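Text of the file entry21.cif, holding mmCIF, C-alpha atoms:
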```
data_model
#
loop_
_atom_site.label_atom_id
_atom_site.label_comp_id
_atom_site.auth_asym_id
_atom_site.auth_seq_id
_atom_site.Cartn_x
_atom_site.Cartn_y
_atom_site.Cartn_z
CA MET A 1 38.47 20.34 -59.65
CA THR A 2 41.83 21.69 -58.49
CA HIS A 3 42.57 25.31 -59.33
CA ARG A 4 45.89 25.83 -61.08
CA ALA A 5 47.71 28.91 -59.80
CA ARG A 6 47.88 31.64 -62.44
CA LYS A 7 51.19 33.42 -62.76
CA ARG A 8 49.67 36.59 -64.22
CA PHE A 9 47.74 37.06 -60.98
CA GLY A 10 50.77 36.31 -58.82
CA GLN A 11 48.96 33.42 -57.13
CA ASN A 12 50.72 31.55 -54.31
CA PHE A 13 48.10 29.95 -52.10
CA LEU A 14 48.76 29.73 -48.37
CA SER A 15 48.48 26.10 -47.27
CA ASP A 16 50.36 25.70 -43.97
CA THR A 17 47.75 25.31 -41.21
CA GLN A 18 50.11 26.49 -38.46
CA VAL A 19 50.89 29.68 -40.36
CA ILE A 20 47.19 30.25 -41.04
CA GLN A 21 46.37 29.79 -37.34
CA ARG A 22 49.14 32.22 -36.40
CA ILE A 23 47.75 34.79 -38.83
CA ILE A 24 44.24 34.49 -37.39
CA ALA A 25 45.59 34.73 -33.84
CA THR A 26 47.50 37.88 -34.83
CA ILE A 27 44.55 39.55 -36.55
CA GLN A 28 42.12 38.59 -33.75
CA PRO A 29 38.98 39.05 -35.86
CA GLY A 30 35.72 39.62 -33.99
CA ARG A 31 32.01 39.49 -34.72
CA GLU A 32 31.78 43.29 -34.63
CA ASP A 33 34.45 43.73 -37.33
CA LEU A 34 33.97 44.80 -40.92
CA ILE A 35 36.79 43.12 -42.86
CA LEU A 36 37.85 43.44 -46.48
CA GLU A 37 40.17 40.69 -47.69
CA ILE A 38 42.20 41.28 -50.84
CA GLY A 39 42.97 38.16 -52.87
CA PRO A 40 41.21 35.50 -50.78
CA GLY A 41 42.18 32.83 -53.32
CA GLN A 42 41.10 29.44 -52.01
CA ALA A 43 39.81 30.90 -48.73
CA ALA A 44 42.63 29.66 -46.48
CA ILE A 45 42.18 32.75 -44.30
CA SER A 46 38.64 33.67 -45.36
CA GLY A 47 37.06 30.59 -43.83
CA HIS A 48 38.40 31.44 -40.39
CA LEU A 49 37.41 35.11 -40.74
CA ALA A 50 33.88 34.12 -41.76
CA GLU A 51 33.48 31.78 -38.79
CA THR A 52 33.78 34.72 -36.38
CA GLY A 53 30.56 36.21 -37.73
CA ALA A 54 32.37 39.36 -38.88
CA GLU A 55 30.98 41.13 -41.94
CA LEU A 56 33.43 39.92 -44.57
CA HIS A 57 33.98 41.27 -48.08
CA LEU A 58 36.19 39.19 -50.38
CA LEU A 59 37.82 40.96 -53.35
CA GLU A 60 39.11 38.46 -55.92
CA ILE A 61 40.49 39.28 -59.38
CA ASP A 62 40.37 35.67 -60.64
CA ARG A 63 36.78 35.18 -61.79
CA ASP A 64 37.01 31.38 -61.58
CA LEU A 65 38.01 31.66 -57.93
CA ALA A 66 35.33 34.29 -57.32
CA VAL A 67 32.70 31.80 -58.53
CA ARG A 68 34.10 29.13 -56.22
CA LEU A 69 34.06 31.56 -53.30
CA GLU A 70 30.43 32.41 -54.09
CA THR A 71 29.58 28.71 -53.95
CA ARG A 72 31.54 28.08 -50.76
CA PHE A 73 29.99 30.97 -48.85
CA ALA A 74 26.51 30.78 -50.41
CA GLY A 75 25.00 29.98 -47.01
CA ALA A 76 26.96 32.63 -45.10
CA SER A 77 24.91 35.79 -44.76
CA ASN A 78 27.94 37.70 -43.41
CA VAL A 79 30.11 37.11 -46.50
CA ARG A 80 29.99 38.91 -49.83
CA VAL A 81 32.25 38.17 -52.79
CA HIS A 82 33.39 40.94 -55.17
CA ALA A 83 35.03 40.04 -58.50
CA GLY A 84 37.49 42.79 -59.35
CA ASP A 85 41.01 44.19 -59.44
CA ALA A 86 42.22 45.56 -56.10
CA LEU A 87 44.44 48.07 -57.94
CA ARG A 88 41.32 49.70 -59.40
CA ALA A 89 38.84 49.02 -56.63
CA ASP A 90 37.09 51.75 -54.67
CA PHE A 91 37.29 50.32 -51.15
CA SER A 92 35.04 53.03 -49.76
CA GLU A 93 32.28 51.94 -52.13
CA ILE A 94 32.68 48.28 -51.17
CA VAL A 95 32.28 49.03 -47.45
CA ALA A 96 29.70 51.81 -47.97
CA GLY A 97 31.94 54.44 -46.40
CA ARG A 98 32.27 52.64 -43.07
CA ARG A 99 35.45 51.98 -41.09
CA PHE A 100 36.98 48.61 -41.90
CA ARG A 101 39.94 46.31 -41.46
CA LEU A 102 42.11 45.18 -44.38
CA VAL A 103 43.61 41.70 -44.74
CA GLY A 104 45.42 40.08 -47.64
CA ASN A 105 47.99 37.69 -49.02
CA LEU A 106 48.97 40.29 -51.61
CA PRO A 107 50.27 39.37 -55.09
CA TYR A 108 54.01 39.97 -54.92
CA ASN A 109 54.21 41.14 -58.54
CA ILE A 110 52.08 44.24 -57.81
CA SER A 111 52.68 44.69 -54.09
CA THR A 112 54.21 48.18 -54.15
CA PRO A 113 51.58 49.90 -56.33
CA LEU A 114 48.89 48.03 -54.40
CA LEU A 115 50.23 49.34 -51.10
CA PHE A 116 50.14 52.91 -52.41
CA HIS A 117 46.59 52.28 -53.59
CA VAL A 118 45.30 50.94 -50.25
CA LEU A 119 46.89 53.85 -48.39
CA ARG A 120 44.42 56.13 -50.14
CA TRP A 121 41.75 54.78 -47.78
CA ARG A 122 43.82 55.12 -44.60
CA ASN A 123 41.24 57.44 -42.99
CA LEU A 124 38.65 54.65 -43.10
CA VAL A 125 41.01 51.80 -42.18
CA THR A 126 41.41 50.60 -38.60
CA ASP A 127 44.38 48.36 -39.40
CA MET A 128 45.93 46.31 -42.21
CA HIS A 129 47.49 42.86 -42.05
CA PHE A 130 49.32 41.73 -45.18
CA MET A 131 51.47 38.84 -46.37
CA LEU A 132 54.20 40.24 -48.59
CA GLN A 133 57.63 39.49 -49.96
CA GLN A 134 60.11 39.78 -47.09
CA GLU A 135 62.20 42.39 -48.91
CA VAL A 136 59.15 44.61 -49.35
CA VAL A 137 58.35 44.41 -45.63
CA LYS A 138 61.97 45.27 -44.81
CA ARG A 139 61.59 48.40 -46.93
CA MET A 140 58.27 49.30 -45.32
CA ALA A 141 59.67 48.99 -41.79
CA ALA A 142 63.20 50.29 -42.50
CA SER A 143 65.01 53.10 -40.70
CA PRO A 144 66.88 55.97 -42.38
CA GLY A 145 70.46 55.36 -43.42
CA GLY A 146 70.24 51.86 -44.87
CA LYS A 147 69.75 50.39 -48.34
CA SER A 148 66.15 49.42 -47.57
CA TRP A 149 65.11 52.99 -46.70
CA GLY A 150 63.32 54.62 -49.63
CA ARG A 151 60.10 56.06 -50.99
CA LEU A 152 58.01 53.10 -49.79
CA SER A 153 59.45 53.41 -46.27
CA VAL A 154 58.71 57.12 -46.04
CA MET A 155 55.20 56.95 -47.46
CA CYS A 156 54.16 53.96 -45.34
CA GLN A 157 55.56 55.47 -42.15
CA VAL A 158 54.18 58.97 -42.67
CA TYR A 159 50.71 57.42 -42.81
CA CYS A 160 51.01 54.36 -40.55
CA GLN A 161 52.84 52.59 -37.77
CA VAL A 162 54.51 49.63 -39.48
CA THR A 163 55.26 46.41 -37.57
CA HIS A 164 57.10 43.47 -39.12
CA LEU A 165 55.34 40.58 -37.32
CA PHE A 166 56.91 37.31 -38.49
CA ASN A 167 58.51 35.57 -41.46
CA VAL A 168 56.97 32.77 -43.52
CA PRO A 169 59.00 30.23 -45.55
CA PRO A 170 58.26 29.41 -49.21
CA GLU A 171 57.02 25.90 -48.36
CA ALA A 172 53.99 27.39 -46.58
CA PHE A 173 52.53 28.15 -50.04
CA ILE A 174 51.38 26.23 -53.11
CA PRO A 175 53.14 26.79 -55.42
CA ALA A 176 56.13 27.83 -53.33
CA PRO A 177 57.38 31.32 -54.24
CA ARG A 178 61.06 31.83 -54.94
CA VAL A 179 61.32 34.37 -52.14
CA GLN A 180 60.87 34.54 -48.38
CA SER A 181 57.64 36.11 -47.13
CA SER A 182 56.70 38.20 -44.10
CA PHE A 183 53.49 39.13 -42.33
CA VAL A 184 53.16 42.84 -41.52
CA ARG A 185 50.75 45.12 -39.66
CA LEU A 186 50.02 48.73 -40.58
CA VAL A 187 48.00 50.93 -38.23
CA PRO A 188 47.11 54.38 -39.61
CA HIS A 189 48.22 57.19 -37.30
CA GLY A 190 45.44 58.78 -35.29
CA THR A 191 47.51 61.94 -35.25
CA SER A 192 50.19 62.48 -37.87
CA PRO A 193 53.73 62.28 -36.43
CA VAL A 194 54.74 65.28 -38.56
CA THR A 195 53.08 68.44 -39.86
CA ILE A 196 52.71 68.45 -43.64
CA ARG A 197 50.96 71.43 -45.20
CA ASP A 198 50.57 69.97 -48.69
CA MET A 199 50.59 66.17 -49.02
CA PRO A 200 50.84 66.12 -52.85
CA ALA A 201 53.92 68.36 -52.53
CA PHE A 202 55.38 65.96 -49.96
CA GLU A 203 54.73 62.95 -52.19
CA ARG A 204 56.27 64.72 -55.20
CA LEU A 205 59.40 65.69 -53.28
CA VAL A 206 59.92 62.20 -51.81
CA SER A 207 59.40 60.58 -55.19
CA GLN A 208 61.91 62.87 -56.91
CA ALA A 209 64.46 62.48 -54.12
CA PHE A 210 64.52 58.69 -54.30
CA SER A 211 64.44 58.56 -58.09
CA MET A 212 68.06 59.78 -57.81
CA ARG A 213 68.95 58.38 -54.40
CA ARG A 214 72.71 58.21 -55.06
CA LYS A 215 72.87 61.96 -55.69
CA THR A 216 73.04 64.66 -53.05
CA LEU A 217 69.94 66.60 -52.08
CA ARG A 218 71.17 69.72 -53.92
CA ASN A 219 71.26 67.67 -57.13
CA CYS A 220 68.28 65.34 -56.78
CA LEU A 221 65.94 68.15 -55.69
CA LYS A 222 66.87 70.52 -58.52
CA GLY A 223 63.79 72.27 -59.83
CA LEU A 224 62.07 71.93 -56.45
CA LEU A 225 64.46 73.44 -53.90
CA ASP A 226 67.90 75.04 -54.08
CA SER A 227 70.75 74.64 -51.59
CA SER A 228 69.84 77.72 -49.58
CA GLN A 229 66.26 76.51 -49.11
CA ILE A 230 67.46 73.07 -48.03
CA GLU A 231 69.79 74.72 -45.52
CA ALA A 232 66.86 76.84 -44.29
CA ALA A 233 65.22 73.59 -43.18
CA GLY A 234 68.32 72.81 -41.11
CA ILE A 235 69.47 70.10 -43.52
CA ASP A 236 72.86 69.75 -45.22
CA PRO A 237 72.29 69.86 -49.02
CA GLY A 238 75.29 67.56 -49.40
CA LEU A 239 73.44 64.66 -47.80
CA ARG A 240 71.84 61.83 -49.75
CA PRO A 241 68.07 61.22 -49.54
CA GLU A 242 68.50 57.86 -47.79
CA THR A 243 69.89 59.61 -44.70
CA LEU A 244 66.76 61.73 -44.12
CA GLY A 245 63.86 60.70 -41.90
CA VAL A 246 60.16 61.44 -42.33
CA ALA A 247 60.45 64.67 -40.30
CA GLU A 248 63.24 66.03 -42.54
CA PHE A 249 61.27 65.27 -45.69
CA ALA A 250 58.26 67.02 -44.14
CA ALA A 251 60.39 70.10 -43.39
CA LEU A 252 61.60 70.22 -46.99
CA ALA A 253 58.11 69.68 -48.42
CA ASN A 254 56.73 72.49 -46.28
CA LEU A 255 59.29 74.83 -47.80
CA LEU A 256 58.32 73.62 -51.24
CA GLU A 257 54.66 74.30 -50.56
CA THR A 258 55.49 77.76 -49.22
CA ASP A 259 57.77 78.81 -52.05
CA HIS A 260 55.92 77.37 -55.07
#
```
Can you turn what I pasted into structure tokens?
Amino acid sequence: MTHRARKRFGQNFLSDTQVIQRIIATIQPGREDLILEIGPGQAAISGHLAETGAELHLLEIDRDLAVRLETRFAGASNVRVHAGDALRADFSEIVAGRRFRLVGNLPYNISTPLLFHVLRWRNLVTDMHFMLQQEVVKRMAASPGGKSWGRLSVMCQVYCQVTHLFNVPPEAFIPAPRVQSSFVRLVPHGTSPVTIRDMPAFERLVSQAFSMRRKTLRNCLKGLLDSSQIEAAGIDPGLRPETLGVAEFAALANLLETDH
């Protein structure tokens, strides 16, 4: 029986064999790997990952698909299927606290909150390879000063090296999404590129700054830092948040941590 894609789960199943082969060649899975795949769907990628002999954990929110995956991989001792919501999943529990690789054709309707969720396990993750909406990947890999630069850019780049790998057209999926897609790699930094004394303070400052991105720093950071404090970090309080890089946000957050 054919599975009908469910809109509430943001299902667009990868079907182009050339794209799938390119993904596998990019990931380069090996027998020694521990891999967690988010949203395996109809196992377009999972089958190739399983064939390597890698220990593979498949996290699928659609229980009908989870049952099908159980049946398909019933004879594969290296594959385990988990029925659950990736937004609520404890990845550390799934992999028993071991280091792992993350792979996924992520649902575009929840991609941003899901990215923030997976970053919580960055200290256990070797690398991440995701299929996402092209616009989201542009934001993740953006540079300061452009429209794409924002909270997602800063938070991804403070934790990881982000590489936009290649684009994928809508016709590579069934059903075809109404947007272009991109494949992206995130590699958590071994050593942080900036010094941040209080990460919750950093996250709070970045979030507040970009919630009013058209305002100047002196206005959008009211209640956190005043103009003299911003100047103390060597930053013009008349600038807009989109002009600041990760290092500048770190400098501001370190003042916030010190003074509050």
Expected selection from the PyMOL selection byres ((chain A and resi 215) around 12), given as a PyMOL selection string: chain A and resi 208-214+216-222+237-243
Target residues per the PyMOL selection byres ((chain A and resi 154-163) around 6), formatted as a list in words: Ala141, Arg151, Leu152, Ser153, His164, Leu165, Val184, Arg185, Leu186, Val187, Pro188, His189 and Val246 of chain A
Result set, the PyMOL selection byres ((chain A and resi 191-196) around 7) on current file, as a PyMOL selection string: chain A and resi 189-190+197-199+247+250+254
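The closest residue to Phe91 in chain A, picked from A:Ala43, A:Leu36, A:Leu132, A:Leu65 and counting only C-alpha atoms, is A:Leu36.
With only C-alpha atoms as the atoms that count, the minimum distance from Leu124 in chain A to the choices A:Arg139, A:Arg99, A:Arg72, A:His57 is reached by A:Arg99.
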From A:Ser181, A:Thr126, A:Thr52, A:Thr71, residue lying nearest Leu14 in chain A [all atoms listed in the file]: A:Ser181
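Among A:Glu51, A:Asp16, A:Glu37, A:Asp64, the residue with the shortest atom-to-atom distance to Val95 in chain A, counting all atoms listed in the file, is A:Glu37.
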Interatomic distance, CA of Val168 in chain A to CA of Pro107 in chain A (Å, one decimal): 14.9 Å
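Here the question is which of A:Leu244, A:Leu225, A:Ala76, A:Val206 gets nearest to Glu55 in chain A using all atoms listed in the file, and that residue is A:Ala76.
The interatomic distance for the pair CA of Gln229 in chain A and CA of Ser143 in chain A works out to 24.9 Å.
You will find CA of Leu34 in chain A at 8.3 Å from CA of Arg98 in chain A.
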Who sits within 12 Å of Gln28 in chain A, all atoms listed in the file, same chain under 3 positions skipped, as JSON, numbers by chain: {"A": [21, 22, 23, 24, 25, 31, 32, 33, 35, 48, 49, 52, 54, 101, 103, 127, 129]}
How about saving the chosen residues, C-alpha atoms kept, as a PDB file, in the frame of the given file?
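Full text of selection-v4.pdb as output:
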```pdb
ATOM      1  CA  GLN A  21      46.370  29.790 -37.340  1.00  0.00           C
ATOM      2  CA  ARG A  22      49.140  32.220 -36.400  1.00  0.00           C
ATOM      3  CA  ILE A  23      47.750  34.790 -38.830  1.00  0.00           C
ATOM      4  CA  ILE A  24      44.240  34.490 -37.390  1.00  0.00           C
ATOM      5  CA  ALA A  25      45.590  34.730 -33.840  1.00  0.00           C
ATOM      6  CA  ARG A  31      32.010  39.490 -34.720  1.00  0.00           C
ATOM      7  CA  GLU A  32      31.780  43.290 -34.630  1.00  0.00           C
ATOM      8  CA  ASP A  33      34.450  43.730 -37.330  1.00  0.00           C
ATOM      9  CA  ILE A  35      36.790  43.120 -42.860  1.00  0.00           C
ATOM     10  CA  HIS A  48      38.400  31.440 -40.390  1.00  0.00           C
ATOM     11  CA  LEU A  49      37.410  35.110 -40.740  1.00  0.00           C
ATOM     12  CA  THR A  52      33.780  34.720 -36.380  1.00  0.00           C
ATOM     13  CA  ALA A  54      32.370  39.360 -38.880  1.00  0.00           C
ATOM     14  CA  ARG A 101      39.940  46.310 -41.460  1.00  0.00           C
ATOM     15  CA  VAL A 103      43.610  41.700 -44.740  1.00  0.00           C
ATOM     16  CA  ASP A 127      44.380  48.360 -39.400  1.00  0.00           C
ATOM     17  CA  HIS A 129      47.490  42.860 -42.050  1.00  0.00           C
TER      18      HIS A 129
END
```
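Near Phe13 in chain A, within 10 Å and counting all atoms listed in the file, sit A:Ala5, A:Gly10, A:Asp16, A:Gly39, A:Pro40, A:Gly41, A:Gln42, A:Ala43, A:Ala44, A:Asn105, A:Ala172, A:Phe173, A:Ile174, A:Pro175, A:Ala176, A:Pro177, not including residues fewer than 3 positions from it in the same chain.
Distance check against Val137 in chain A using only C-alpha atoms: of A:Phe249, A:Phe116, A:Phe166, A:Phe100, the minimum falls on A:Phe166.
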Radius query 7 Å about (53.6, 37.8, -47.1), atoms used: only C-alpha atoms, as a ChimeraX atom specification: /A:105-106,130-134,181-183
Go ahead and write the residues just picked, C-alpha atoms, as a JSON list (two decimals), keeping the file's coordinate frame.
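Listed below is the output, again.json:
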```json
[["chain", "number", "residue", "atom", "x", "y", "z"],
["A", 105, "ASN", "CA", 47.99, 37.69, -49.02],
["A", 106, "LEU", "CA", 48.97, 40.29, -51.61],
["A", 130, "PHE", "CA", 49.32, 41.73, -45.18],
["A", 131, "MET", "CA", 51.47, 38.84, -46.37],
["A", 132, "LEU", "CA", 54.20, 40.24, -48.59],
["A", 133, "GLN", "CA", 57.63, 39.49, -49.96],
["A", 134, "GLN", "CA", 60.11, 39.78, -47.09],
["A", 181, "SER", "CA", 57.64, 36.11, -47.13],
["A", 182, "SER", "CA", 56.70, 38.20, -44.10],
["A", 183, "PHE", "CA", 53.49, 39.13, -42.33]]
```
For Ala89 in chain A: contacts at 10 Å, all atoms listed in the file, fewer than 5 positions along chain excluded, given as a PyMOL selection string: chain A and resi 59+82-84+94+117-118
Slice of the block: range 61-101 of chain A, N, CA and C atoms, as a PDB file, in the first residue's frame:
```pdb
ATOM      1  N   ILE A  61       8.187  10.317  13.356  1.00  0.00           N
ATOM      2  CA  ILE A  61       6.998  10.776  14.064  1.00  0.00           C
ATOM      3  C   ILE A  61       5.724  10.097  13.566  1.00  0.00           C
ATOM      4  N   ASP A  62       5.692   9.716  12.296  1.00  0.00           N
ATOM      5  CA  ASP A  62       4.517   9.083  11.687  1.00  0.00           C
ATOM      6  C   ASP A  62       4.506   7.601  12.072  1.00  0.00           C
ATOM      7  N   ARG A  63       3.560   7.217  12.913  1.00  0.00           N
ATOM      8  CA  ARG A  63       3.564   5.850  13.440  1.00  0.00           C
ATOM      9  C   ARG A  63       3.323   4.800  12.351  1.00  0.00           C
ATOM     10  N   ASP A  64       2.547   5.148  11.327  1.00  0.00           N
ATOM     11  CA  ASP A  64       2.355   4.212  10.219  1.00  0.00           C
ATOM     12  C   ASP A  64       3.683   3.931   9.520  1.00  0.00           C
ATOM     13  N   LEU A  65       4.458   4.989   9.296  1.00  0.00           N
ATOM     14  CA  LEU A  65       5.762   4.810   8.664  1.00  0.00           C
ATOM     15  C   LEU A  65       6.727   4.077   9.590  1.00  0.00           C
ATOM     16  N   ALA A  66       6.628   4.347  10.885  1.00  0.00           N
ATOM     17  CA  ALA A  66       7.498   3.663  11.843  1.00  0.00           C
ATOM     18  C   ALA A  66       7.270   2.155  11.794  1.00  0.00           C
ATOM     19  N   VAL A  67       6.002   1.756  11.667  1.00  0.00           N
ATOM     20  CA  VAL A  67       5.680   0.324  11.559  1.00  0.00           C
ATOM     21  C   VAL A  67       6.275  -0.258  10.281  1.00  0.00           C
ATOM     22  N   ARG A  68       6.170   0.474   9.197  1.00  0.00           N
ATOM     23  CA  ARG A  68       6.735   0.002   7.920  1.00  0.00           C
ATOM     24  C   ARG A  68       8.253  -0.119   8.000  1.00  0.00           C
ATOM     25  N   LEU A  69       8.878   0.841   8.679  1.00  0.00           N
ATOM     26  CA  LEU A  69      10.333   0.792   8.844  1.00  0.00           C
ATOM     27  C   LEU A  69      10.732  -0.416   9.693  1.00  0.00           C
ATOM     28  N   GLU A  70       9.952  -0.696  10.735  1.00  0.00           N
ATOM     29  CA  GLU A  70      10.204  -1.873  11.567  1.00  0.00           C
ATOM     30  C   GLU A  70      10.175  -3.136  10.714  1.00  0.00           C
ATOM     31  N   THR A  71       9.192  -3.217   9.834  1.00  0.00           N
ATOM     32  CA  THR A  71       9.056  -4.393   8.969  1.00  0.00           C
ATOM     33  C   THR A  71      10.217  -4.481   7.991  1.00  0.00           C
ATOM     34  N   ARG A  72      10.549  -3.340   7.384  1.00  0.00           N
ATOM     35  CA  ARG A  72      11.623  -3.343   6.381  1.00  0.00           C
ATOM     36  C   ARG A  72      12.961  -3.757   6.975  1.00  0.00           C
ATOM     37  N   PHE A  73      13.256  -3.284   8.171  1.00  0.00           N
ATOM     38  CA  PHE A  73      14.572  -3.538   8.761  1.00  0.00           C
ATOM     39  C   PHE A  73      14.534  -4.618   9.850  1.00  0.00           C
ATOM     40  N   ALA A  74      13.496  -5.439   9.824  1.00  0.00           N
ATOM     41  CA  ALA A  74      13.337  -6.485  10.846  1.00  0.00           C
ATOM     42  C   ALA A  74      14.542  -7.423  10.907  1.00  0.00           C
ATOM     43  N   GLY A  75      15.175  -7.651   9.764  1.00  0.00           N
ATOM     44  CA  GLY A  75      16.322  -8.563   9.729  1.00  0.00           C
ATOM     45  C   GLY A  75      17.659  -7.877   9.881  1.00  0.00           C
ATOM     46  N   ALA A  76      17.641  -6.564  10.107  1.00  0.00           N
ATOM     47  CA  ALA A  76      18.897  -5.802  10.214  1.00  0.00           C
ATOM     48  C   ALA A  76      19.216  -5.548  11.681  1.00  0.00           C
ATOM     49  N   SER A  77      20.196  -6.246  12.200  1.00  0.00           N
ATOM     50  CA  SER A  77      20.533  -6.122  13.619  1.00  0.00           C
ATOM     51  C   SER A  77      21.140  -4.763  13.962  1.00  0.00           C
ATOM     52  N   ASN A  78      21.597  -4.020  12.950  1.00  0.00           N
ATOM     53  CA  ASN A  78      22.241  -2.720  13.195  1.00  0.00           C
ATOM     54  C   ASN A  78      21.264  -1.547  13.137  1.00  0.00           C
ATOM     55  N   VAL A  79      19.964  -1.834  12.922  1.00  0.00           N
ATOM     56  CA  VAL A  79      18.980  -0.757  12.770  1.00  0.00           C
ATOM     57  C   VAL A  79      17.922  -0.852  13.862  1.00  0.00           C
ATOM     58  N   ARG A  80      17.639   0.305  14.470  1.00  0.00           N
ATOM     59  CA  ARG A  80      16.567   0.371  15.458  1.00  0.00           C
ATOM     60  C   ARG A  80      15.658   1.540  15.115  1.00  0.00           C
ATOM     61  N   VAL A  81      14.357   1.287  15.146  1.00  0.00           N
ATOM     62  CA  VAL A  81      13.365   2.322  14.822  1.00  0.00           C
ATOM     63  C   VAL A  81      12.764   2.880  16.116  1.00  0.00           C
ATOM     64  N   HIS A  82      12.670   4.217  16.177  1.00  0.00           N
ATOM     65  CA  HIS A  82      12.077   4.905  17.328  1.00  0.00           C
ATOM     66  C   HIS A  82      10.889   5.731  16.825  1.00  0.00           C
ATOM     67  N   ALA A  83       9.707   5.491  17.360  1.00  0.00           N
ATOM     68  CA  ALA A  83       8.528   6.284  17.004  1.00  0.00           C
ATOM     69  C   ALA A  83       8.454   7.464  17.964  1.00  0.00           C
ATOM     70  N   GLY A  84       8.586   8.671  17.428  1.00  0.00           N
ATOM     71  CA  GLY A  84       8.546   9.834  18.312  1.00  0.00           C
ATOM     72  C   GLY A  84       8.767  11.131  17.571  1.00  0.00           C
ATOM     73  N   ASP A  85       8.570  12.215  18.287  1.00  0.00           N
ATOM     74  CA  ASP A  85       8.689  13.576  17.756  1.00  0.00           C
ATOM     75  C   ASP A  85      10.102  14.100  18.010  1.00  0.00           C
ATOM     76  N   ALA A  86      10.813  14.424  16.944  1.00  0.00           N
ATOM     77  CA  ALA A  86      12.195  14.909  17.077  1.00  0.00           C
ATOM     78  C   ALA A  86      12.276  16.181  17.909  1.00  0.00           C
ATOM     79  N   LEU A  87      11.227  16.997  17.898  1.00  0.00           N
ATOM     80  CA  LEU A  87      11.230  18.249  18.666  1.00  0.00           C
ATOM     81  C   LEU A  87      11.223  18.009  20.172  1.00  0.00           C
ATOM     82  N   ARG A  88      10.783  16.805  20.569  1.00  0.00           N
ATOM     83  CA  ARG A  88      10.716  16.478  21.996  1.00  0.00           C
ATOM     84  C   ARG A  88      11.691  15.368  22.382  1.00  0.00           C
ATOM     85  N   ALA A  89      12.383  14.834  21.417  1.00  0.00           N
ATOM     86  CA  ALA A  89      13.237  13.676  21.668  1.00  0.00           C
ATOM     87  C   ALA A  89      14.495  14.036  22.450  1.00  0.00           C
ATOM     88  N   ASP A  90      14.916  13.127  23.296  1.00  0.00           N
ATOM     89  CA  ASP A  90      16.188  13.232  24.001  1.00  0.00           C
ATOM     90  C   ASP A  90      17.196  12.397  23.221  1.00  0.00           C
ATOM     91  N   PHE A  91      17.983  13.053  22.380  1.00  0.00           N
ATOM     92  CA  PHE A  91      18.916  12.332  21.511  1.00  0.00           C
ATOM     93  C   PHE A  91      19.973  11.579  22.310  1.00  0.00           C
ATOM     94  N   SER A  92      20.376  12.155  23.436  1.00  0.00           N
ATOM     95  CA  SER A  92      21.371  11.504  24.273  1.00  0.00           C
ATOM     96  C   SER A  92      20.867  10.157  24.773  1.00  0.00           C
ATOM     97  N   GLU A  93      19.588  10.103  25.113  1.00  0.00           N
ATOM     98  CA  GLU A  93      18.995   8.852  25.580  1.00  0.00           C
ATOM     99  C   GLU A  93      18.946   7.820  24.460  1.00  0.00           C
ATOM    100  N   ILE A  94      18.610   8.263  23.257  1.00  0.00           N
ATOM    101  CA  ILE A  94      18.525   7.346  22.118  1.00  0.00           C
ATOM    102  C   ILE A  94      19.874   6.683  21.832  1.00  0.00           C
ATOM    103  N   VAL A  95      20.940   7.463  21.915  1.00  0.00           N
ATOM    104  CA  VAL A  95      22.275   6.932  21.586  1.00  0.00           C
ATOM    105  C   VAL A  95      23.064   6.515  22.821  1.00  0.00           C
ATOM    106  N   ALA A  96      22.386   6.488  23.984  1.00  0.00           N
ATOM    107  CA  ALA A  96      23.017   6.065  25.240  1.00  0.00           C
ATOM    108  C   ALA A  96      24.257   6.888  25.584  1.00  0.00           C
ATOM    109  N   GLY A  97      24.185   8.198  25.310  1.00  0.00           N
ATOM    110  CA  GLY A  97      25.258   9.104  25.701  1.00  0.00           C
ATOM    111  C   GLY A  97      26.524   9.022  24.875  1.00  0.00           C
ATOM    112  N   ARG A  98      26.469   8.298  23.758  1.00  0.00           N
ATOM    113  CA  ARG A  98      27.660   8.154  22.915  1.00  0.00           C
ATOM    114  C   ARG A  98      27.700   9.227  21.832  1.00  0.00           C
ATOM    115  N   ARG A  99      28.881   9.436  21.250  1.00  0.00           N
ATOM    116  CA  ARG A  99      28.999  10.385  20.142  1.00  0.00           C
ATOM    117  C   ARG A  99      28.305   9.801  18.912  1.00  0.00           C
ATOM    118  N   PHE A 100      27.662  10.684  18.145  1.00  0.00           N
ATOM    119  CA  PHE A 100      26.897  10.198  16.999  1.00  0.00           C
ATOM    120  C   PHE A 100      26.872  11.225  15.878  1.00  0.00           C
ATOM    121  N   ARG A 101      26.421  10.761  14.722  1.00  0.00           N
ATOM    122  CA  ARG A 101      26.233  11.632  13.565  1.00  0.00           C
ATOM    123  C   ARG A 101      24.729  11.813  13.340  1.00  0.00           C
TER     124      ARG A 101
END
```
